[in-house]
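Worksheet: one structure, shown below.
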Amino acid sequence: MDWFGRANITFTHSASPLALTRKDGTQTDLPTLCKEATPVCQLNPLLFNGHLQTMWTAVRVEGPPVYYRRKIFQADHKAYRGSFAVDFAVAPHKDTDETLPPRTAYFDEDLFAKIGSDDTKPMIVVLHGLSGGSYEIYLRHAIAPLVDDGSWEVCVVNSRGCANSKITSGVLFNARATWDIRQVVKWARATFPNRPLFAMGFSLGANILTNYVGEEGSDCLLSAAIAVGNPFNLEVSNKALQRTLVGKEIYSRVMGTNLRKLANLHKTEMLSQTSLDWKAIESCTYLHEFDREVQTKTWGYPTEEAYYRDASSSDAILAIRIPFFAISAADDPIAVNDAVPYGEFRYNPYTVLCTTSLGGHLSWFEIGGGRWHARPICNFLRSLISDIDLTALKSAANGSTPSFMGNQFDPMRRKLEILKV
């Protein structure tokens, strides 16, 4: 039982976890590292359940300031064409651009052309949640300590059409659209060959990141990844939203409304390159209705349920072959506990799941307004850099589970075929 905001913390992992070598030559393992990085979870006792925690995010607070420079990338994928915006955390500046979120301005093209470096500073690529962007407070709480100490480089990949970015292909983001982060990670490896690369995703961005890491398997260019508030099984999570009055009339309605507003910002581009029924889109109220009218028809899924099943990241846990730390709240009303693949975390030694009994969806509000999730995130990343010999990590064979009687399970097999580069 939770008392006065003190949440219980549990860890789910393999009985034979990934071994890690410390820089001093001693041995540890991934669960131990995650547990050492996770402090006591003492939250605001007045926000004593997942609904109160989640709804408190609507209270307007400034949050830690993070300054960005934006670069527009041209997609290199033949099918998922167009452009997308990447925001790089930089030193504070006074430049303003009314077309962009606060504290964000475009990179000078000449300066960006010289951005490459042989330095060894760790770099983290971040994915935000549904219809959000680099400006999100939960995201800034997580990266501000890393940016402020000057020892980390951070960039945020904004989903197509989000954070005041323009779309040029008529297509918004998708829950399994891993191609933009794949391109950015490849670009980062080529541009900064000596930097250890990491990635972190929140909510829908956590789902995309988990799918990406699973797809890459033993070839993943990242040293480790963190997924926060991942809905994992999108069909289960969405049905849970529709099952209750609060889930449907508050959470699903708010997310559906936000997506409808986002689509309206890009109406001209979307109508010029798709055959979407805009009257049907404007009549959407709930998240699943928007997915039915936009995602299924844009991508070719027969139903929103088929889209949810194909885009879910629960099976992807089995294919991950880098250290992977997931953080979830059992009382999360959006990324619900029933959708969390506990069995898959117990199966794969490369993964650890930290579950708090309180916290809501990407909330974890502490007394005074701090956000608890920033603590284990920063501690984990700093421990990997300061204590662990990342060069000693060995990736096992990718993806598929051991064959039995001539059969083999492929956790990354998709039903929707998409043209590859």
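We label chains A, B, ... in the order they appear in the structure tokens, count residues from 1 in each chain, and number ligands from 1 in the order shown.
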
Could you give me, as a tab-separated table (two decimals) with N, CA and C atoms, in the first residue's frame, the residues within 9 Å of Lys121 in chain A, counting only C-alpha atoms and dropping anything in the same chain fewer than 6 positions from it?
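Saved to out_20.tsv:
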chain	number	residue	atom	x	y	z
A	151	SER	N	27.99	18.05	-20.45
A	151	SER	CA	28.74	16.86	-20.85
A	151	SER	C	27.98	15.99	-21.85
A	152	TRP	N	26.74	16.36	-22.17
A	152	TRP	CA	25.93	15.58	-23.11
A	152	TRP	C	25.46	16.45	-24.26
A	153	GLU	N	25.30	15.81	-25.41
A	153	GLU	CA	24.63	16.43	-26.56
A	153	GLU	C	23.26	15.77	-26.72
A	194	ASN	N	32.85	9.13	-32.93
A	194	ASN	CA	33.40	8.68	-31.65
A	194	ASN	C	32.42	8.83	-30.48
A	195	ARG	N	31.25	9.37	-30.74
A	195	ARG	CA	30.30	9.57	-29.65
A	195	ARG	C	29.51	8.31	-29.33
A	196	PRO	N	29.40	7.94	-28.06
A	196	PRO	CA	28.44	6.91	-27.68
A	196	PRO	C	27.02	7.46	-27.91

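Backbone DSSP of range 122-259 of chain A yields strand (DSSP E) at A:Met123, A:Ile124, A:Val125, A:Val126, A:Leu127, A:Glu153, A:Val154, A:Cys155, A:Val156, A:Val157, A:Leu197, A:Phe198, A:Ala199, A:Met200, A:Gly201, A:Phe202, A:Ala224, A:Ala225, A:Ile226, A:Ala227, A:Val228.
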
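Going from CA of Ser203 in chain A over to CA of Gly150 in chain A, you cover 26.7 Å.
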
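Among the candidates A:Glu136, A:Asp110, A:Asp24, A:Asp97, the residue lying nearest to Pro65 in chain A is A:Glu136 (atoms considered: only C-alpha atoms).
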
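Taking only C-alpha atoms into account, Thr356 in chain A lies nearest to A:Gln42 out of the set A:Asn174, A:Gln27, A:Thr21, A:Gln42.
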
Surrounding residues of range 176-181 of chain A excluding itself and chain neighbours under 3 positions, 7 Å, only C-alpha atoms, as an NGL selection string: :A and (157 or 173 or 184-185 or 208 or 211-212 or 311)

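Closest approach to Leu353 in chain A among A:Cys34, A:Ala225, A:Ala113, A:Ala91: A:Cys34, based on only C-alpha atoms.
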
Polymer residues at most 12 Å from Leu209 in chain A, only C-alpha atoms, same-chain spacing of 4 or more positions, as a ChimeraX atom specification: /A:125-129,157,175-182,185,198-205,213-216,220,222,224-232,311-314,316-317,320,324-326

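The nearest approach to Val294 in chain A among the residues A:Pro341, A:Pro102, A:Gly368, A:Gly170, with only C-alpha atoms taken into account, belongs to A:Gly170.
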
Between CA of Asp87 in chain A and CA of Asn158 in chain A - distance in Å to one decimal: 7.4 Å

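Atom pair CA of Arg81 in chain A / CA of Lys186 in chain A has a distance of 16.8 Å (rounded to one decimal).
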
Helix (DSSP H, G or I) residues, from DSSP on the backbone, in range 60-279 of chain A, as a PyMOL selection string: chain A and resi 109-113+137-148+179-191+204-219+234-243+245-265+267-273+278-279
